[in-house]
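Have a look at query_1.pdb; it's PDB, C-alpha atoms and all ligand atoms:
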ATOM      1  CA  MET Y  28      95.844  89.658  91.503
ATOM      2  CA  SER Y  29      95.128  91.349  94.784
ATOM      3  CA  PRO Y  30      98.096  92.828  96.548
ATOM      4  CA  ALA Y  31      99.353  91.331  99.782
ATOM      5  CA  CYS Y  32      98.102  94.359 101.675
ATOM      6  CA  THR Y  33      95.180  93.746 103.990
ATOM      7  CA  HIS Y  34      94.422  97.416 104.599
ATOM      8  CA  LEU Y  35      92.876  98.408 101.297
ATOM      9  CA  ASP Y  36      89.625  99.224 103.081
ATOM     10  CA  GLN Y  37      91.440 102.102 104.724
ATOM     11  CA  ILE Y  38      91.762 103.935 101.444
ATOM     12  CA  ALA Y  39      89.222 106.707 101.843
ATOM     13  CA  ILE Y  40      90.297 109.477  99.487
ATOM     14  CA  SER Y  41      91.332 110.020  95.900
ATOM     15  CA  PRO Y  42      94.686 111.663  95.351
ATOM     16  CA  PRO Y  43      94.554 115.357  94.442
ATOM     17  CA  ASP Y  44      96.086 116.513  91.178
ATOM     18  CA  GLU Y  45      98.888 118.197  92.997
ATOM     19  CA  VAL Y  46     100.095 118.761  96.525
ATOM     20  CA  ALA Y  47     101.817 121.820  97.920
ATOM     21  CA  GLY Y  48     104.423 120.026  99.986
ATOM     22  CA  CYS Y  49     104.984 118.315 103.307
ATOM     23  CA  GLU Y  50     102.586 119.983 105.707
ATOM     24  CA  ASP Y  51     104.808 119.521 108.725
ATOM     25  CA  CYS Y  52     108.029 120.578 106.991
ATOM     26  CA  MET Y  53     106.390 123.725 105.641
ATOM     27  CA  ARG Y  54     105.333 124.613 109.170
ATOM     28  CA  SER Y  55     108.807 124.223 110.581
ATOM     29  CA  GLY Y  56     110.666 125.491 107.539
ATOM     30  CA  ASP Y  57     112.436 122.197 106.900
ATOM     31  CA  ARG Y  58     113.187 120.592 103.585
ATOM     32  CA  TRP Y  59     112.081 117.274 102.176
ATOM     33  CA  VAL Y  60     113.159 114.917  99.413
ATOM     34  CA  HIS Y  61     109.989 113.254  98.173
ATOM     35  CA  LEU Y  62     106.326 113.567  99.101
ATOM     36  CA  ARG Y  63     103.929 110.860 100.232
ATOM     37  CA  LEU Y  64     100.163 111.130 100.443
ATOM     38  CA  CYS Y  65      98.157 109.348 103.138
ATOM     39  CA  LEU Y  66      95.298 107.597 101.374
ATOM     40  CA  THR Y  67      93.147 107.526 104.487
ATOM     41  CA  CYS Y  68      93.011 111.213 105.421
ATOM     42  CA  GLY Y  69      94.955 113.036 102.710
ATOM     43  CA  HIS Y  70      97.855 114.054 104.936
ATOM     44  CA  VAL Y  71     100.936 114.961 102.925
ATOM     45  CA  GLY Y  72     104.258 113.995 104.452
ATOM     46  CA  CYS Y  73     107.834 113.505 103.413
ATOM     47  CA  CYS Y  74     109.494 110.196 102.561
ATOM     48  CA  ASP Y  75     112.009 108.169 104.516
ATOM     49  CA  SER Y  76     114.850 109.766 102.575
ATOM     50  CA  SER Y  77     113.855 113.117 104.049
ATOM     51  CA  PRO Y  78     115.342 114.259 107.367
ATOM     52  CA  ASN Y  79     112.012 114.291 109.194
ATOM     53  CA  ARG Y  80     110.221 111.294 107.674
ATOM     54  CA  HIS Y  81     106.831 112.790 108.345
ATOM     55  CA  ALA Y  82     104.949 110.298 106.164
ATOM     56  CA  SER Y  83     105.991 107.232 108.125
ATOM     57  CA  ALA Y  84     105.587 109.153 111.387
ATOM     58  CA  HIS Y  85     102.020 109.979 110.406
ATOM     59  CA  ALA Y  86     101.329 106.380 109.432
ATOM     60  CA  ARG Y  87     102.518 105.218 112.828
ATOM     61  CA  GLU Y  88     100.792 107.870 114.912
ATOM     62  CA  ALA Y  89      97.511 108.063 113.057
ATOM     63  CA  GLY Y  90      97.294 104.364 112.246
ATOM     64  CA  HIS Y  91      97.003 105.078 108.532
ATOM     65  CA  PRO Y  92      99.269 102.489 106.905
ATOM     66  CA  ILE Y  93      98.788 103.230 103.215
ATOM     67  CA  ILE Y  94     100.455 106.040 101.326
ATOM     68  CA  ARG Y  95     100.759 106.887  97.684
ATOM     69  CA  SER Y  96     103.641 108.655  96.051
ATOM     70  CA  ALA Y  97     102.815 112.327  95.610
ATOM     71  CA  GLN Y  98     105.602 112.808  93.091
ATOM     72  CA  PRO Y  99     104.437 113.910  89.640
ATOM     73  CA  GLY Y 100     103.989 110.908  87.380
ATOM     74  CA  GLU Y 101     104.332 108.350  90.155
ATOM     75  CA  THR Y 102     101.298 106.219  90.963
ATOM     76  CA  TRP Y 103     102.620 103.509  93.262
ATOM     77  CA  CYS Y 104     101.263 102.920  96.724
ATOM     78  CA  TRP Y 105     102.958 101.495  99.797
ATOM     79  CA  CYS Y 106     101.691  99.898 102.970
ATOM     80  CA  TYR Y 107     103.887 100.568 105.986
ATOM     81  CA  GLU Y 108     102.265  97.701 107.875
ATOM     82  CA  ASP Y 109     102.698  94.988 105.301
ATOM     83  CA  LYS Y 110     105.751  96.586 103.715
ATOM     84  CA  VAL Y 111     104.367  95.899 100.299
ATOM     85  CA  GLY Y 112     104.085  98.077  97.225
ATOM     86  CA  PHE Y 113     101.140  98.043  94.835
ATOM     87  CA  GLU Y 114      99.043 100.191  92.558
ATOM     88  CA  VAL Y 115      95.487 101.354  93.038
ATOM     89  CA  GLU Y 116      93.251 102.692  90.324
ATOM     90  CA  PHE Y 117      91.247 105.766  91.147
ATOM     91  CA  GLY Y 118      88.204 106.387  88.979
ATOM     92  CA  GLY Y 119      89.643 107.921  85.869
ATOM     93  CA  SER Y 120      88.637 106.104  82.701
ATOM     94  CA  ALA Y 121      84.988 105.214  82.364
ATOM     95  CA  GLU Y 122      84.984 102.069  80.305
ATOM     96  CA  GLY Y 123      81.356 101.191  79.767
ATOM     97  CA  ALA Y 124      80.672  97.958  81.653
ATOM     98  CA  GLY Y 125      78.192  98.284  84.430
ATOM     99  CA  GLU Y 126      75.987 101.226  83.670
ATOM    100  CA  SER Y 127      72.883 101.306  85.724
ATOM    101  CA  GLY Y 128      70.654 104.085  86.836
ATOM    102  CA  GLY Y 129      69.759 103.928  90.446
TER     103      GLY Y 129
HETATM  104 ZN    ZN P   1      98.535  96.738 104.401
HETATM  105 ZN    ZN P   2     108.174 116.541 106.361
HETATM  106 ZN    ZN P   3      96.384 109.837 107.445
END
Could you write out this structure as C-alpha cells?
Amino acid sequence: MSPACTHLDQIAISPPDEVAGCEDCMRSGDRWVHLRLCLTCGHVGCCDSSPNRHASAHAREAGHPIIRSAQPGETWCWCYEDKVGFEVEFGGSAEGAGESGG
C-alpha cells in the first residue's frame, strides 16, 4: 500500500486551500503553466511545463523532494527523488476510530 517514495517523513505541512501563484515568477513578472506546492516548507513553484521550472529548482536546491499539485481539484503528490507519484491524505474527515483524551 505504501508508495515507493522513501521521503514521506519530509512532509511537514498541510496544503493551504489556495495559493496565489509561483512566488519566484511573481517576483520577476514571469508566467507559469501549473503550480506545485513543496510539502516540506510550503514553497509554491511552477511546474516543469513552465519556462522557469521553479518547483523542481526548489526541490533540488532546498533538498525538498516532495511536491503536491497546487491546481484546484488536484490532489496528487510527486517525489522528484524517486520519480514516483502518489496521494497523501491530510486530516480532513474525522472518522471515529481512535478517540482518546490525552
Ligand atoms: Zn521520495
Ligand atoms: Zn515560477
Ligand atoms: Zn521546500
Show me which residues line ligand ZN 1 (chain P), defined as having an atom within 7 Å of a ligand atom where only C-alpha atoms and all ligand atoms count, and present them as a PDB file with C-alpha atoms, in the frame of the given file.
ATOM      1  CA  CYS Y  32      98.102  94.359 101.675  1.00  0.00           C
ATOM      2  CA  THR Y  33      95.180  93.746 103.990  1.00  0.00           C
ATOM      3  CA  HIS Y  34      94.422  97.416 104.599  1.00  0.00           C
ATOM      4  CA  LEU Y  35      92.876  98.408 101.297  1.00  0.00           C
ATOM      5  CA  PRO Y  92      99.269 102.489 106.905  1.00  0.00           C
ATOM      6  CA  ILE Y  93      98.788 103.230 103.215  1.00  0.00           C
ATOM      7  CA  CYS Y 106     101.691  99.898 102.970  1.00  0.00           C
ATOM      8  CA  TYR Y 107     103.887 100.568 105.986  1.00  0.00           C
ATOM      9  CA  GLU Y 108     102.265  97.701 107.875  1.00  0.00           C
ATOM     10  CA  ASP Y 109     102.698  94.988 105.301  1.00  0.00           C
TER      11      ASP Y 109
END
Practice item. Find the residues around Y:Phe117 up to 12 Å (all atoms listed in the file counted), leave out those fewer than 2 positions away in its own chain, and share them as an NGL selection string. Key: :Y and (38-44 or 66 or 95 or 102-104 or 114-115 or 119-121)
Review point. Any idea what the distance is between atom CA of Y:Ala97 and atom CA of Y:Val71?
Key: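 Answer for the atom CA of Y:Ala97 to atom CA of Y:Val71 separation: 8.0 Å.
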Exercise for review: Run the PyMOL selection byres (((not hetatm)) within 6 of (chain P and resi 2)) against the file shown and list the residues it catches, as a ChimeraX atom specification.
Suggested key: /Y:49,51-52,59,72-73,79-81
Box in all listed atoms of stretch 62-72 of chain Y, axis-aligned, with 5 Å more on each side; write out centre and edge lengths in Å to one decimal as lines of an AutoDock Vina configuration file.
center_x = 99.7
center_y = 111.2
center_z = 102.3
size_x = 23.3
size_y = 17.4
size_z = 16.3
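Note that atom CA of Y:Ala47 and atom CA of Y:Ala89 are 20.9 Å apart.
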**Study point:** Distance criterion (all atoms listed in the file): nearest to ligand ZN 3 (chain P) out of Y:Glu88, Y:Glu101, Y:Asp75, Y:Asp36
**Key:** Y:Glu88
Repair of stretch 103-114 of chain Y at the level of N, CA and C atoms, as a PDB file, in the coordinates of the input:
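Result saved to result-v2.pdb:
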ATOM      1  N   TRP Y 103     102.528 104.677  92.387  1.00  0.00           N
ATOM      2  CA  TRP Y 103     102.620 103.509  93.262  1.00  0.00           C
ATOM      3  C   TRP Y 103     102.163 103.844  94.684  1.00  0.00           C
ATOM      4  N   CYS Y 104     101.677 102.799  95.334  1.00  0.00           N
ATOM      5  CA  CYS Y 104     101.263 102.920  96.724  1.00  0.00           C
ATOM      6  C   CYS Y 104     102.163 102.025  97.583  1.00  0.00           C
ATOM      7  N   TRP Y 105     102.128 102.276  98.881  1.00  0.00           N
ATOM      8  CA  TRP Y 105     102.958 101.495  99.797  1.00  0.00           C
ATOM      9  C   TRP Y 105     102.217 101.331 101.111  1.00  0.00           C
ATOM     10  N   CYS Y 106     102.270 100.127 101.658  1.00  0.00           N
ATOM     11  CA  CYS Y 106     101.691  99.898 102.970  1.00  0.00           C
ATOM     12  C   CYS Y 106     102.819  99.744 103.980  1.00  0.00           C
ATOM     13  N   TYR Y 107     102.833 100.621 104.971  1.00  0.00           N
ATOM     14  CA  TYR Y 107     103.887 100.568 105.986  1.00  0.00           C
ATOM     15  C   TYR Y 107     103.735  99.351 106.889  1.00  0.00           C
ATOM     16  N   GLU Y 108     102.509  98.864 107.022  1.00  0.00           N
ATOM     17  CA  GLU Y 108     102.265  97.701 107.875  1.00  0.00           C
ATOM     18  C   GLU Y 108     102.778  96.423 107.215  1.00  0.00           C
ATOM     19  N   ASP Y 109     102.341  96.217 105.997  1.00  0.00           N
ATOM     20  CA  ASP Y 109     102.698  94.988 105.301  1.00  0.00           C
ATOM     21  C   ASP Y 109     104.010  95.107 104.545  1.00  0.00           C
ATOM     22  N   LYS Y 110     104.521  96.327 104.463  1.00  0.00           N
ATOM     23  CA  LYS Y 110     105.751  96.586 103.715  1.00  0.00           C
ATOM     24  C   LYS Y 110     105.660  96.017 102.297  1.00  0.00           C
ATOM     25  N   VAL Y 111     104.579  96.389 101.650  1.00  0.00           N
ATOM     26  CA  VAL Y 111     104.367  95.899 100.299  1.00  0.00           C
ATOM     27  C   VAL Y 111     103.948  97.051  99.392  1.00  0.00           C
ATOM     28  N   GLY Y 112     104.444  97.046  98.189  1.00  0.00           N
ATOM     29  CA  GLY Y 112     104.085  98.077  97.225  1.00  0.00           C
ATOM     30  C   GLY Y 112     103.044  97.565  96.258  1.00  0.00           C
ATOM     31  N   PHE Y 113     102.182  98.444  95.777  1.00  0.00           N
ATOM     32  CA  PHE Y 113     101.140  98.043  94.835  1.00  0.00           C
ATOM     33  C   PHE Y 113     100.582  99.276  94.159  1.00  0.00           C
ATOM     34  N   GLU Y 114      99.668  99.057  93.230  1.00  0.00           N
ATOM     35  CA  GLU Y 114      99.043 100.191  92.558  1.00  0.00           C
ATOM     36  C   GLU Y 114      97.543 100.131  92.755  1.00  0.00           C
TER      37      GLU Y 114
END
